[in-house]
Structures are given as C-alpha cells and as structure tokens.
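Next comes model.tsv, with TSV, C-alpha atoms.
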```tsv
chain	number	residue	atom	x	y	z
A	1	MET	CA	122.40	92.86	113.21
A	2	LYS	CA	122.46	94.07	109.61
A	3	LYS	CA	124.36	90.98	108.54
A	4	LYS	CA	121.79	88.73	110.24
A	5	VAL	CA	118.89	90.50	108.52
A	6	ILE	CA	120.61	90.32	105.14
A	7	ALA	CA	121.42	86.64	105.69
A	8	PHE	CA	117.78	85.97	106.61
A	9	PHE	CA	116.48	87.59	103.44
A	10	ASN	CA	119.15	85.86	101.38
A	11	ARG	CA	117.63	82.59	102.56
A	12	LEU	CA	114.18	83.86	101.54
A	13	GLN	CA	115.35	85.14	98.18
A	14	PRO	CA	114.98	81.77	96.38
A	15	ILE	CA	111.36	81.64	97.58
A	16	PHE	CA	110.63	85.15	96.32
A	17	GLY	CA	112.48	84.29	93.12
A	18	ARG	CA	110.27	81.27	92.53
A	19	LEU	CA	107.19	83.37	93.21
A	20	GLY	CA	108.34	86.02	90.76
A	21	ASN	CA	109.04	83.39	88.09
A	22	ASN	CA	105.85	81.42	88.73
A	23	LYS	CA	104.08	80.95	85.40
A	24	TYR	CA	100.63	81.33	86.88
A	25	LEU	CA	101.41	84.57	88.73
A	26	GLN	CA	103.14	85.89	85.63
A	27	ALA	CA	100.07	84.99	83.57
A	28	ILE	CA	97.78	86.83	86.00
A	29	MET	CA	100.07	89.87	85.96
A	30	GLY	CA	100.38	89.77	82.18
A	31	ALA	CA	96.65	89.39	81.62
A	32	MET	CA	95.72	92.20	84.02
A	33	MET	CA	98.39	94.53	82.61
A	34	ALA	CA	97.20	93.81	79.05
A	35	THR	CA	93.71	95.01	80.00
A	36	LEU	CA	94.97	98.45	81.05
A	37	GLY	CA	94.23	99.82	77.56
A	38	PRO	CA	90.51	98.94	77.72
A	39	MET	CA	90.46	99.92	81.41
A	40	ILE	CA	91.87	103.40	80.77
A	41	LEU	CA	89.62	103.95	77.74
A	42	GLY	CA	86.62	102.77	79.75
A	43	SER	CA	87.62	105.00	82.66
A	44	LEU	CA	87.82	108.07	80.41
A	45	ALA	CA	84.50	107.12	78.81
A	46	THR	CA	82.87	106.89	82.24
A	47	LEU	CA	84.08	110.34	83.27
A	48	ILE	CA	82.95	111.84	79.95
A	49	ALA	CA	79.56	110.10	80.22
A	50	VAL	CA	78.98	111.50	83.70
A	51	TYR	CA	79.79	115.09	82.75
A	52	ALA	CA	78.01	114.81	79.39
A	53	GLY	CA	74.88	113.75	81.28
A	54	LYS	CA	75.19	116.73	83.63
A	55	TRP	CA	75.60	119.12	80.69
A	56	GLY	CA	72.63	117.70	78.79
A	57	LEU	CA	74.68	116.03	76.03
A	58	LYS	CA	72.63	112.81	76.02
A	59	PRO	CA	73.88	111.35	72.68
A	60	LEU	CA	77.50	111.69	73.84
A	61	ALA	CA	76.63	110.22	77.26
A	62	GLN	CA	74.97	107.23	75.57
A	63	ILE	CA	77.97	106.56	73.32
A	64	MET	CA	80.38	106.85	76.23
A	65	GLY	CA	78.15	104.53	78.26
A	66	PHE	CA	78.37	101.96	75.48
A	67	VAL	CA	82.17	102.34	75.39
A	68	ASN	CA	82.25	101.67	79.13
A	69	THR	CA	80.16	98.51	78.69
A	70	ALA	CA	82.37	97.30	75.82
A	71	THR	CA	85.55	97.79	77.88
A	72	ILE	CA	85.19	97.70	81.67
A	73	GLY	CA	81.74	96.12	81.54
A	74	THR	CA	83.08	93.08	79.68
A	75	ILE	CA	86.55	92.94	81.20
A	76	ALA	CA	86.13	89.28	82.20
A	77	LEU	CA	86.02	88.30	78.51
A	78	TYR	CA	89.39	89.94	77.90
A	79	VAL	CA	90.90	88.29	80.97
A	80	ALA	CA	89.55	84.82	80.07
A	81	PHE	CA	91.24	85.06	76.68
A	82	LEU	CA	94.50	86.58	77.91
A	83	MET	CA	94.99	84.21	80.85
A	84	ALA	CA	94.85	81.09	78.69
A	85	LYS	CA	96.96	82.70	75.97
A	86	HIS	CA	99.71	83.68	78.41
A	87	ILE	CA	99.83	80.30	80.16
A	88	ALA	CA	99.80	78.25	76.95
A	89	HIS	CA	102.55	80.39	75.44
A	90	MET	CA	104.69	80.22	78.60
A	91	VAL	CA	104.45	76.41	78.68
A	92	LEU	CA	104.72	75.71	74.94
A	93	GLN	CA	107.17	78.55	74.22
A	94	GLU	CA	107.84	79.13	70.52
A	95	SER	CA	105.76	76.18	69.31
A	96	ASP	CA	102.48	77.95	70.10
A	97	ASP	CA	101.63	81.62	70.68
A	98	GLY	CA	98.61	80.67	72.80
A	99	THR	CA	96.00	82.30	70.57
A	100	ASN	CA	94.05	79.05	70.07
A	101	ALA	CA	94.05	78.47	73.84
A	102	GLY	CA	92.74	81.99	74.36
A	103	ILE	CA	89.87	81.41	71.92
A	104	VAL	CA	88.99	78.10	73.61
A	105	SER	CA	89.04	79.83	77.00
A	106	LEU	CA	86.71	82.57	75.76
A	107	MET	CA	84.38	79.89	74.38
A	108	CYS	CA	84.37	77.99	77.68
A	109	PHE	CA	83.75	81.14	79.69
A	110	LEU	CA	80.67	81.88	77.59
A	111	ILE	CA	79.51	78.24	77.86
A	112	ILE	CA	79.33	78.47	81.67
A	113	THR	CA	77.66	81.92	81.57
A	114	PRO	CA	73.88	81.62	82.05
A	115	LEU	CA	71.61	83.09	79.39
A	116	THR	CA	68.45	85.09	79.98
A	117	SER	CA	65.30	85.28	77.86
A	118	LEU	CA	63.61	88.64	77.30
A	119	LYS	CA	60.32	88.11	75.48
A	120	SER	CA	61.40	86.35	72.27
A	121	VAL	CA	65.10	87.21	72.56
A	122	THR	CA	67.84	85.24	74.33
A	123	VAL	CA	70.58	87.49	75.72
A	124	ILE	CA	73.82	87.22	77.69
A	125	PRO	CA	73.51	89.33	80.86
A	126	THR	CA	76.53	91.54	81.52
A	127	THR	CA	76.44	90.55	85.21
A	128	TRP	CA	79.22	87.99	84.86
A	129	LEU	CA	81.06	89.69	82.00
A	130	GLY	CA	82.37	92.51	84.19
A	131	SER	CA	83.97	92.67	87.62
A	132	ASP	CA	81.72	90.01	89.17
A	133	GLY	CA	83.03	87.45	86.68
A	134	LEU	CA	86.69	88.41	86.94
A	135	PHE	CA	87.77	85.57	89.22
A	136	SER	CA	85.77	83.06	87.16
A	137	ALA	CA	87.64	84.30	84.09
A	138	ILE	CA	91.01	83.83	85.81
A	139	ILE	CA	90.12	80.29	86.90
A	140	VAL	CA	88.74	79.33	83.47
A	141	GLY	CA	91.84	80.78	81.81
A	142	LEU	CA	94.15	78.84	84.15
A	143	ILE	CA	92.34	75.55	83.55
A	144	VAL	CA	92.04	75.98	79.78
A	145	GLY	CA	95.59	77.28	79.27
A	146	ARG	CA	97.20	74.48	81.25
A	147	SER	CA	94.94	71.75	79.80
A	148	TYR	CA	95.53	72.96	76.26
A	149	ALA	CA	99.31	72.99	76.79
A	150	TYR	CA	99.22	69.49	78.33
A	151	MET	CA	97.29	68.08	75.37
A	152	LYS	CA	99.63	69.71	72.87
A	153	GLN	CA	102.68	68.42	74.74
A	154	HIS	CA	101.26	64.88	74.73
A	155	ASN	CA	100.26	65.05	71.05
A	156	TRP	CA	96.50	64.94	71.56
A	157	THR	CA	96.27	66.64	68.19
A	158	ILE	CA	95.45	66.07	64.55
A	159	LYS	CA	98.68	66.13	62.58
A	160	MET	CA	98.53	67.32	59.00
A	161	PRO	CA	100.86	66.12	56.21
A	162	ALA	CA	104.05	68.00	55.46
A	163	GLY	CA	103.55	70.89	53.11
A	164	VAL	CA	100.27	72.02	54.62
A	165	PRO	CA	100.42	75.77	55.41
A	166	PRO	CA	101.19	76.46	59.11
A	167	MET	CA	97.94	78.39	59.52
A	168	VAL	CA	95.93	75.29	58.54
A	169	SER	CA	98.05	72.80	60.51
A	170	ASN	CA	97.93	74.94	63.66
A	171	THR	CA	94.15	75.15	63.40
A	172	PHE	CA	93.78	71.38	63.21
A	173	ALA	CA	96.40	70.89	65.96
A	174	GLY	CA	94.15	72.77	68.35
A	175	LEU	CA	90.93	71.05	67.30
A	176	VAL	CA	91.03	68.04	69.66
A	177	PRO	CA	91.96	70.11	72.75
A	178	ALA	CA	89.17	72.57	71.90
A	179	LEU	CA	86.57	69.80	71.67
A	180	LEU	CA	87.69	68.00	74.84
A	181	ILE	CA	88.00	71.15	76.94
A	182	GLY	CA	84.72	72.46	75.59
A	183	LEU	CA	82.97	69.20	76.49
A	184	PHE	CA	84.36	69.43	80.02
A	185	PHE	CA	82.95	72.93	80.52
A	186	ILE	CA	79.59	71.86	79.09
A	187	LEU	CA	79.46	69.28	81.88
A	188	VAL	CA	80.53	71.94	84.38
A	189	ALA	CA	77.75	74.27	83.22
A	190	PHE	CA	75.18	71.47	83.42
A	191	GLY	CA	76.37	70.31	86.84
A	192	PHE	CA	76.21	73.77	88.41
A	193	SER	CA	72.79	74.41	86.90
A	194	LEU	CA	71.52	71.64	89.20
A	195	THR	CA	72.96	73.21	92.36
A	196	PRO	CA	71.56	76.03	94.53
A	197	PHE	CA	74.22	78.34	93.07
A	198	GLY	CA	72.83	77.95	89.57
A	199	SER	CA	76.15	78.64	87.85
A	200	PHE	CA	79.91	78.32	88.26
A	201	HIS	CA	80.13	82.13	88.33
A	202	GLN	CA	77.83	82.42	91.33
A	203	LEU	CA	79.84	79.83	93.29
A	204	ILE	CA	83.16	81.57	92.64
A	205	PHE	CA	81.75	85.00	93.44
A	206	THR	CA	80.08	83.84	96.66
A	207	MET	CA	82.83	81.59	97.99
A	208	ILE	CA	86.01	83.30	96.73
A	209	GLU	CA	85.65	86.73	95.12
A	210	ALA	CA	83.37	88.47	97.62
A	211	PRO	CA	85.38	87.36	100.72
A	212	LEU	CA	88.67	88.30	99.04
A	213	GLN	CA	87.30	91.71	98.07
A	214	HIS	CA	86.28	92.31	101.67
A	215	LEU	CA	89.70	91.23	102.94
A	216	GLY	CA	91.95	92.65	100.21
A	217	GLY	CA	90.05	95.93	99.99
A	218	SER	CA	90.55	96.80	103.63
A	219	PHE	CA	92.77	99.48	105.16
A	220	GLY	CA	94.97	96.93	106.93
A	221	ALA	CA	95.45	94.80	103.82
A	222	MET	CA	96.65	97.72	101.71
A	223	ILE	CA	99.07	98.87	104.44
A	224	LEU	CA	100.43	95.33	104.72
A	225	ILE	CA	100.85	95.01	100.95
A	226	CYS	CA	102.71	98.34	100.82
A	227	LEU	CA	105.11	97.25	103.56
A	228	ILE	CA	105.77	93.80	102.09
A	229	GLU	CA	106.24	95.14	98.57
A	230	GLN	CA	108.77	97.76	99.68
A	231	LEU	CA	110.54	95.35	102.03
A	232	VAL	CA	111.03	92.93	99.16
A	233	TRP	CA	112.22	95.81	96.97
A	234	PHE	CA	114.76	96.82	99.63
A	235	PHE	CA	116.44	93.44	99.39
A	236	GLY	CA	116.78	93.65	95.62
A	237	ILE	CA	113.70	91.65	94.58
A	238	HIS	CA	111.18	93.22	92.22
A	239	GLY	CA	108.34	93.68	94.70
A	240	THR	CA	105.85	94.77	92.05
A	241	SER	CA	106.30	91.53	90.10
A	242	VAL	CA	106.15	89.30	93.19
A	243	ILE	CA	103.48	90.88	95.39
A	244	VAL	CA	101.13	92.91	93.18
A	245	PRO	CA	99.89	89.98	90.99
A	246	MET	CA	98.40	88.40	94.11
A	247	VAL	CA	96.16	91.39	94.83
A	248	MET	CA	95.69	93.08	91.45
A	249	PRO	CA	92.57	91.04	90.48
A	250	ILE	CA	90.96	91.98	93.80
A	251	TRP	CA	91.83	95.67	93.53
A	252	MET	CA	90.83	95.89	89.85
A	253	SER	CA	87.49	94.29	90.65
A	254	LEU	CA	86.86	96.90	93.35
A	255	ASP	CA	87.78	99.69	90.92
A	256	MET	CA	85.32	98.41	88.33
A	257	GLN	CA	82.56	98.36	90.93
A	258	ASN	CA	83.44	101.97	91.80
A	259	LEU	CA	83.30	103.02	88.15
A	260	THR	CA	79.94	101.32	87.66
A	261	ALA	CA	78.49	103.15	90.67
A	262	TYR	CA	80.05	106.46	89.61
A	263	GLN	CA	78.57	106.21	86.12
A	264	ALA	CA	75.15	105.42	87.60
A	265	GLY	CA	75.34	108.52	89.79
A	266	LYS	CA	75.55	106.49	92.99
A	267	ASP	CA	78.02	106.79	95.87
A	268	VAL	CA	81.35	105.11	95.19
A	269	PRO	CA	81.32	102.02	97.45
A	270	HIS	CA	85.04	101.35	98.02
A	271	ILE	CA	87.86	103.55	99.29
A	272	TYR	CA	90.71	101.21	98.33
A	273	GLY	CA	91.63	99.65	95.02
A	274	ASN	CA	94.27	99.61	92.32
A	275	ALA	CA	93.58	103.23	91.34
A	276	PHE	CA	93.88	104.42	94.96
A	277	PHE	CA	97.17	102.54	95.36
A	278	ASN	CA	98.71	103.88	92.14
A	279	ILE	CA	97.54	107.46	92.66
A	280	TYR	CA	98.77	107.90	96.22
A	281	THR	CA	101.98	105.82	96.02
A	282	TRP	CA	102.95	107.50	92.73
A	283	GLY	CA	106.64	107.06	92.02
A	284	GLY	CA	107.12	105.20	95.30
A	285	THR	CA	106.95	108.63	97.03
A	286	ALA	CA	110.63	109.01	96.09
A	287	LEU	CA	110.14	112.49	94.62
A	288	GLY	CA	110.58	113.89	98.13
A	289	LEU	CA	114.08	112.43	98.33
A	290	VAL	CA	114.99	113.84	94.91
A	291	LEU	CA	113.82	117.32	95.97
A	292	LEU	CA	115.96	117.13	99.11
A	293	MET	CA	118.98	116.13	97.04
A	294	LEU	CA	118.39	118.92	94.55
A	295	PHE	CA	117.81	121.79	96.98
A	296	PHE	CA	119.43	120.81	100.30
A	297	ALA	CA	122.29	118.41	99.60
A	298	LYS	CA	125.75	119.45	100.85
A	299	SER	CA	127.58	116.59	99.18
A	300	LYS	CA	128.38	116.78	95.46
A	301	ARG	CA	127.28	113.18	95.08
A	302	PHE	CA	123.68	113.73	96.16
A	303	LYS	CA	123.47	117.19	94.56
A	304	THR	CA	124.46	115.74	91.19
A	305	LEU	CA	122.09	112.80	91.57
A	306	GLY	CA	119.24	115.22	92.36
A	307	LYS	CA	119.89	117.14	89.15
A	308	VAL	CA	119.92	113.93	87.11
A	309	ALA	CA	116.85	112.39	88.75
A	310	ILE	CA	114.49	115.38	89.03
A	311	ILE	CA	113.00	115.34	85.50
A	312	PRO	CA	112.21	111.59	85.46
A	313	ALA	CA	110.91	111.84	89.05
A	314	LEU	CA	108.42	114.53	88.07
A	315	PHE	CA	106.93	111.96	85.68
A	316	GLY	CA	106.84	109.18	88.27
A	317	ILE	CA	110.04	107.47	87.06
A	318	THR	CA	112.20	107.07	90.15
A	319	GLU	CA	114.61	104.31	89.11
A	320	PRO	CA	117.52	106.81	88.79
A	321	VAL	CA	117.29	107.71	92.49
A	322	ILE	CA	116.47	104.14	93.61
A	323	PHE	CA	119.54	102.65	91.96
A	324	GLY	CA	121.70	105.77	91.94
A	325	THR	CA	121.60	106.41	95.70
A	326	PRO	CA	121.28	103.32	95.99
A	327	LEU	CA	118.22	102.60	98.13
A	328	VAL	CA	118.45	98.83	97.68
A	329	LEU	CA	120.27	97.23	100.65
A	330	ASN	CA	121.14	100.69	101.95
A	331	PHE	CA	120.26	100.62	105.67
A	332	ASP	CA	120.74	104.39	105.90
A	333	PHE	CA	117.40	104.66	104.06
A	334	PHE	CA	115.75	101.44	105.23
A	335	VAL	CA	112.97	103.03	107.29
A	336	PRO	CA	111.68	105.63	104.78
A	337	PHE	CA	112.10	103.35	101.77
A	338	VAL	CA	110.03	100.60	103.36
A	339	THR	CA	107.44	102.69	105.22
A	340	ASN	CA	106.78	105.86	103.19
A	341	ASN	CA	104.26	104.28	100.80
A	342	ALA	CA	102.36	102.81	103.74
A	343	ILE	CA	102.32	106.20	105.48
A	344	ALA	CA	101.02	107.86	102.30
A	345	VAL	CA	98.24	105.26	102.11
A	346	MET	CA	97.42	105.80	105.80
A	347	ILE	CA	97.10	109.56	105.31
A	348	ALA	CA	95.06	109.23	102.11
A	349	GLY	CA	92.84	106.54	103.61
A	350	LEU	CA	92.17	108.57	106.75
A	351	CYS	CA	91.41	111.76	104.78
A	352	THR	CA	89.05	109.83	102.52
A	353	LYS	CA	87.35	108.10	105.44
A	354	LEU	CA	86.76	111.45	107.17
A	355	GLY	CA	85.31	112.91	103.99
A	356	LEU	CA	88.07	115.48	103.55
A	357	VAL	CA	88.95	113.97	100.19
A	358	ALA	CA	86.68	112.33	97.60
A	359	ARG	CA	86.86	108.60	96.96
A	360	CYS	CA	88.68	107.54	93.81
A	361	THR	CA	86.26	106.70	91.02
A	362	GLY	CA	88.27	103.61	90.05
A	363	ALA	CA	89.52	105.16	86.81
A	364	GLN	CA	93.05	103.89	86.19
A	365	PRO	CA	95.82	106.53	86.25
A	366	VAL	CA	98.06	106.73	83.20
A	367	PHE	CA	101.71	106.00	83.94
A	368	GLY	CA	104.17	108.64	82.74
A	369	LEU	CA	102.00	111.70	83.25
A	370	PRO	CA	103.60	114.52	85.25
A	371	LEU	CA	102.95	115.05	88.96
A	372	GLY	CA	99.30	115.83	89.67
A	373	PHE	CA	98.02	115.09	86.16
A	374	HIS	CA	98.01	111.34	86.80
A	375	ALA	CA	95.58	111.97	89.69
A	376	LEU	CA	93.02	113.85	87.57
A	377	LEU	CA	91.37	110.54	86.67
A	378	GLY	CA	90.68	110.09	90.37
A	379	GLY	CA	87.57	112.10	89.65
A	380	HIS	CA	87.88	115.08	91.99
A	381	ILE	CA	90.25	118.02	92.51
A	382	SER	CA	90.59	117.17	96.21
A	383	ILE	CA	92.46	113.99	95.23
A	384	VAL	CA	94.94	116.02	93.16
A	385	VAL	CA	95.48	118.45	96.04
A	386	LEU	CA	96.16	115.64	98.50
A	387	VAL	CA	98.60	113.98	96.08
A	388	LEU	CA	100.51	117.26	95.75
A	389	ILE	CA	100.63	117.67	99.56
A	390	ILE	CA	101.90	114.11	100.01
A	391	GLN	CA	104.53	114.33	97.27
A	392	LEU	CA	105.79	117.90	97.81
A	393	ILE	CA	105.46	118.34	101.59
A	394	ILE	CA	104.93	115.11	103.50
A	395	SER	CA	107.31	112.96	101.44
A	396	PRO	CA	110.32	115.32	101.85
A	397	LEU	CA	109.62	115.53	105.61
A	398	LEU	CA	109.54	111.73	105.89
A	399	TRP	CA	112.83	111.38	104.01
A	400	TYR	CA	114.60	114.35	105.66
A	401	PRO	CA	116.09	112.83	108.90
A	402	TRP	CA	117.55	109.87	107.04
A	403	PHE	CA	118.69	111.97	104.09
A	404	LYS	CA	120.39	114.45	106.42
A	405	MET	CA	122.47	111.73	108.07
A	406	ALA	CA	123.42	110.14	104.73
A	407	ASP	CA	124.26	113.53	103.19
A	408	ASN	CA	126.47	114.53	106.13
A	409	LYS	CA	128.28	111.19	105.86
A	410	ALA	CA	128.80	111.64	102.10
A	411	ALA	CA	129.98	115.23	102.57
A	412	ALA	CA	132.46	114.16	105.27
A	413	GLU	CA	133.84	111.46	102.98
A	414	GLU	CA	134.28	113.98	100.15
A	415	ASN	CA	136.01	116.46	102.48
A	416	SER	CA	138.38	113.83	103.81
A	417	LYS	CA	139.46	113.00	100.26
A	418	ASN	CA	140.14	116.68	99.60
```
Could you quickly redo this structure as structure tokens?
Amino acid sequence: MKKKVIAFFNRLQPIFGRLGNNKYLQAIMGAMMATLGPMILGSLATLIAVYAGKWGLKPLAQIMGFVNTATIGTIALYVAFLMAKHIAHMVLQESDDGTNAGIVSLMCFLIITPLTSLKSVTVIPTTWLGSDGLFSAIIVGLIVGRSYAYMKQHNWTIKMPAGVPPMVSNTFAGLVPALLIGLFFILVAFGFSLTPFGSFHQLIFTMIEAPLQHLGGSFGAMILICLIEQLVWFFGIHGTSVIVPMVMPIWMSLDMQNLTAYQAGKDVPHIYGNAFFNIYTWGGTALGLVLLMLFFAKSKRFKTLGKVAIIPALFGITEPVIFGTPLVLNFDFFVPFVTNNAIAVMIAGLCTKLGLVARCTGAQPVFGLPLGFHALLGGHISIVVLVLIIQLIISPLLWYPWFKMADNKAAAEENSKN
C-alpha cells in the first residue's frame, strides 16, 4: 500500500514541481512576501493607534493612523509595482531588473483608478489603493510585467548608440513599452467608465475578489489548505511554495479588512486569514514532537535530536526535526504530520466562533519570535493563551501515539545492535 501511494505521488510530483516553478505563482508569492515589511509596520501602527486613542494620546493616534494608511491602506500600490517587477525580471533575467516594468505597472494602476472631486480639489480615494484593490493590482502587474518583457524580447525599444551610459540607455529602452502599455490602460479606463461597473477595480472586486474572499476565508477552505499543504510537504515538495501563493492574496485581503475595522473601533469581520493561519500553525505544530523527544524518548537517537532541535523549535524553526527525524516520507508519522495543523485550525476556529477567544486583528506575526510572543500581534491575550495550549499540551498529545511507536522501534534497534 505504501509503495502504491508513493508511486502515485511520484507521478504527481512533476505537476507540483511545475506549479512551484511557475513564474506567475512565484511572482505573486514574491510580491506578497515583499510587502510584509509595510504590513508589519502598518499592523504595529494600528495597534498603537487604537491604544493611543484609548489613553487620550490623540497626536500619536493620528500619526499612527497616517502610518497605517501609508502602508496597509495603500498596499495595492506596492503589489502593482512588485508584481510587474518580479515577472519582468524572471522573464528577462539579467538583462533587466524589472524596475521600469514596476514603474509602468504603478502608472497603469493609477490610470484605471477613478478620481474624486472635493470642492475645488481632485483626489485619489483610498478605496482601491488598499485591500479592495489588491486583486486589481495583481492582474495589472501580471499584464504589465508580461507585456513589458514581450516587447523587450522582441526589440520594441529605442536603441541608443554605443557609449551611452547604461542608465540612459535602459531608460530609453523602456520608453516604447511604457507608452504602448499606458495607452492600452487608458483605453481600459475609458471603456469601463462607460459600463455599469464604472471602473476596472469594481468589476474585479465584484466578480472575482469578493467571491474568492467568501470561499477562501471559510472554515472548510482553511482546513483543506492545511491538509493539502502538509500532504505535499510529506512527499518532499515544498508545500508553502506551491500551495500558499494561491491563497495568500485572499487571506491578506481579509487581514487588511480586519485591521481597518479594528482601527475604526468596529468588530473584526473575519475569523480566518493569513494572520490566523500563521499564528495557530506556528512552526507546523512540530514543537510538540520536539518536547516528546526531549523529555520522554527512550532511544538515544530521538533524545539527541530533541536536544538539538529544542532551541530552534522554541523560535518556530522546525526544520531540524522535520529533516532530522525525518518526517518526509516517514509513514510512522504520516497522520500527525499531515493532520496536526488542520486540527489546530479546527480548535482555534471553533474557540473563536464560540467567543472563547478573540478574533485576530489581522496584524501579521513576526517570524522568528519565541513561542507566544509571535501571537501578541493577534491583538488579545486570549489568542496567546490558546496558542500556548495548542503548542504545549494539544500538540504533544496529538504526536504521542505515533512518537511512542517510532521511539520503541528505534530503541529496539539500538538494543539489538548492543
């Protein structure tokens, strides 16, 4: 049976490999990961703004509110730039770093963003610059990045004479693509202004983003993603690189909506999101296995591995135990390795739904912080308490039956050699 399952996933491995190496998925992953700096800064600013308002520190609350608007509130601008930059660079490689494509993408995103007049002033509403415009930014970045790369590859450029500084020649090389792509998006903006939607952003939000948020932000969807990600990991494929890029834009969008509501003093609308996933599946819930190895292992092999892995595991770094056990393709640990994250999400989701634990604010946890501290950005002490219960009590219990069998087997092998 094991051989049949392994053979089946060996046949699927080229498919997962192509997904993991897909330029467009890599660009989405790269762009979203690159925004973590502004996201974390904006998350901290939101929390400070909320408490500063409660404590009567209005100037500080106003500054932190502005920081939130300049980071999370305009996240679509960052993504529009980064998407095109990543795609152009992946296609053109060393001949172009993608910066020009990113600038063109940012320009095109602003071209299709409707303006609003307030008295004698024309302004850009932040409606489509934040989470509501995230999917529009991804689509614009994809179109611009690929179109720019195509035009450069087919020499739709202005070539300067030899001896012209690279900075000048690169600028002129991107001039024709910028004009052509910009003209295309002018026509797009004009065309959508004549439709009932009024703008490209409204169409994408209504037809794509809102339905995907409803689907991807559900209890069942997050459980399914956890299972698929860990199943792919079990067979030696980097599940985070293959699966997460498909849902990260949806989850990040939900988190930004949560942060906006939290800052405004309203109820947080969504239970699930990227912050929820990262907080409750911290370290792949593998700390429980490390604790069992450290305190209960009979075999020297697992006892030694527990001593080596405990310090990294306390900071959410569980690669030593994943590859040292190993957990990959080890059917002795198949069930807990694949299902523990999903069980943690089930418990956290149920506790949150029942009101026993507060909803995550959407603030992004910082990777590398020690156990419990990463959950402080969740916005409430009840989240930290639940994380500690999951990691220190529930996780070891989930690993224990499978660990006990593997440890007895390892101990028997060591005794037979002695």
Kindly assemble as a tab-separated table a list of the range 323-373 of chain A residues that lie within 12 Å of range 18-36 of chain A, each paired with its nearest atom pair and their distance in Å to one decimal, using only C-alpha atoms, sorted first by chain and then by ascending residue number.
```
residue	atom	partner	partner_atom	distance
A:Ala363	CA	A:Leu36	CA	10.4
A:Gln364	CA	A:Leu36	CA	7.7
A:Pro365	CA	A:Leu36	CA	9.6
A:Val366	CA	A:Leu36	CA	9.1
A:Phe367	CA	A:Leu36	CA	10.5
```
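Within 7 Å of the file-frame point (72.2, 83.1, 82.6), and using all atoms listed in the file, the polymer residues found are Thr113, Pro114, Leu115, Thr116, Ile124 and Pro125 of chain A.
For the atom pair formed by CA of Ile225 in chain A and CA of Leu212 in chain A, the distance is 14.0 Å, given to one decimal.
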Contacts of range 345-357 of chain A at 8 Å (only C-alpha atoms; same-chain gap of 3+ positions) as a CSV table (one decimal) with C-alpha atoms, in the coordinates of the input:
```
chain,number,residue,atom,x,y,z
A,219,PHE,CA,92.8,99.5,105.2
A,222,MET,CA,96.6,97.7,101.7
A,223,ILE,CA,99.1,98.9,104.4
A,271,ILE,CA,87.9,103.6,99.3
A,272,TYR,CA,90.7,101.2,98.3
A,277,PHE,CA,97.2,102.5,95.4
A,280,TYR,CA,98.8,107.9,96.2
A,281,THR,CA,102.0,105.8,96.0
A,341,ASN,CA,104.3,104.3,100.8
A,342,ALA,CA,102.4,102.8,103.7
A,382,SER,CA,90.6,117.2,96.2
A,383,ILE,CA,92.5,114.0,95.2
A,386,LEU,CA,96.2,115.6,98.5
```
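Among the candidates A:Gly145, A:Gly65, A:Gly216, A:Pro336, the residue lying nearest to Ala84 in chain A is A:Gly145 (atoms considered: all atoms listed in the file).
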Show me, as lines of an AutoDock Vina configuration file, the centre and edge lengths in Å to one decimal of the axis-aligned box that covers every listed atom of range 99-115 of chain A with 3 Å on each side.
```
center_x = 83.8
center_y = 80.5
center_z = 76.1
size_x = 30.4
size_y = 11.1
size_z = 18.0
```
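Rounded to one decimal, CA of Thr46 in chain A and CA of Ile250 in chain A lie 20.5 Å from each other.
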Reconstructed range 60-71 of chain A, atom set N, CA, C and O atoms, as a CSV table (one decimal), in the coordinates of the input:
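What follows is the written file part_21.csv:
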```
chain,number,residue,atom,x,y,z
A,60,LEU,N,76.1,112.0,73.5
A,60,LEU,CA,77.5,111.7,73.8
A,60,LEU,C,77.5,110.8,75.1
A,60,LEU,O,78.4,109.9,75.1
A,61,ALA,N,76.7,111.1,76.0
A,61,ALA,CA,76.6,110.2,77.3
A,61,ALA,C,76.3,108.8,76.9
A,61,ALA,O,76.8,107.8,77.5
A,62,GLN,N,75.4,108.6,76.0
A,62,GLN,CA,75.0,107.2,75.6
A,62,GLN,C,76.1,106.5,74.9
A,62,GLN,O,76.4,105.3,75.2
A,63,ILE,N,76.8,107.2,74.0
A,63,ILE,CA,78.0,106.6,73.3
A,63,ILE,C,79.1,106.2,74.3
A,63,ILE,O,79.6,105.1,74.3
A,64,MET,N,79.4,107.1,75.2
A,64,MET,CA,80.4,106.8,76.2
A,64,MET,C,80.0,105.7,77.2
A,64,MET,O,80.8,104.9,77.6
A,65,GLY,N,78.7,105.6,77.5
A,65,GLY,CA,78.2,104.5,78.3
A,65,GLY,C,78.3,103.2,77.6
A,65,GLY,O,78.7,102.2,78.2
A,66,PHE,N,78.1,103.2,76.2
A,66,PHE,CA,78.4,102.0,75.5
A,66,PHE,C,79.8,101.6,75.5
A,66,PHE,O,80.2,100.4,75.6
A,67,VAL,N,80.7,102.6,75.3
A,67,VAL,CA,82.2,102.3,75.4
A,67,VAL,C,82.6,101.7,76.7
A,67,VAL,O,83.4,100.8,76.8
A,68,ASN,N,82.0,102.2,77.8
A,68,ASN,CA,82.2,101.7,79.1
A,68,ASN,C,81.8,100.2,79.2
A,68,ASN,O,82.5,99.4,79.7
A,69,THR,N,80.6,99.9,78.7
A,69,THR,CA,80.2,98.5,78.7
A,69,THR,C,81.0,97.6,77.9
A,69,THR,O,81.3,96.5,78.2
A,70,ALA,N,81.5,98.1,76.7
A,70,ALA,CA,82.4,97.3,75.8
A,70,ALA,C,83.8,97.1,76.3
A,70,ALA,O,84.5,96.3,75.8
A,71,THR,N,84.2,97.9,77.3
A,71,THR,CA,85.6,97.8,77.9
A,71,THR,C,85.5,97.2,79.3
A,71,THR,O,85.7,96.1,79.5
```
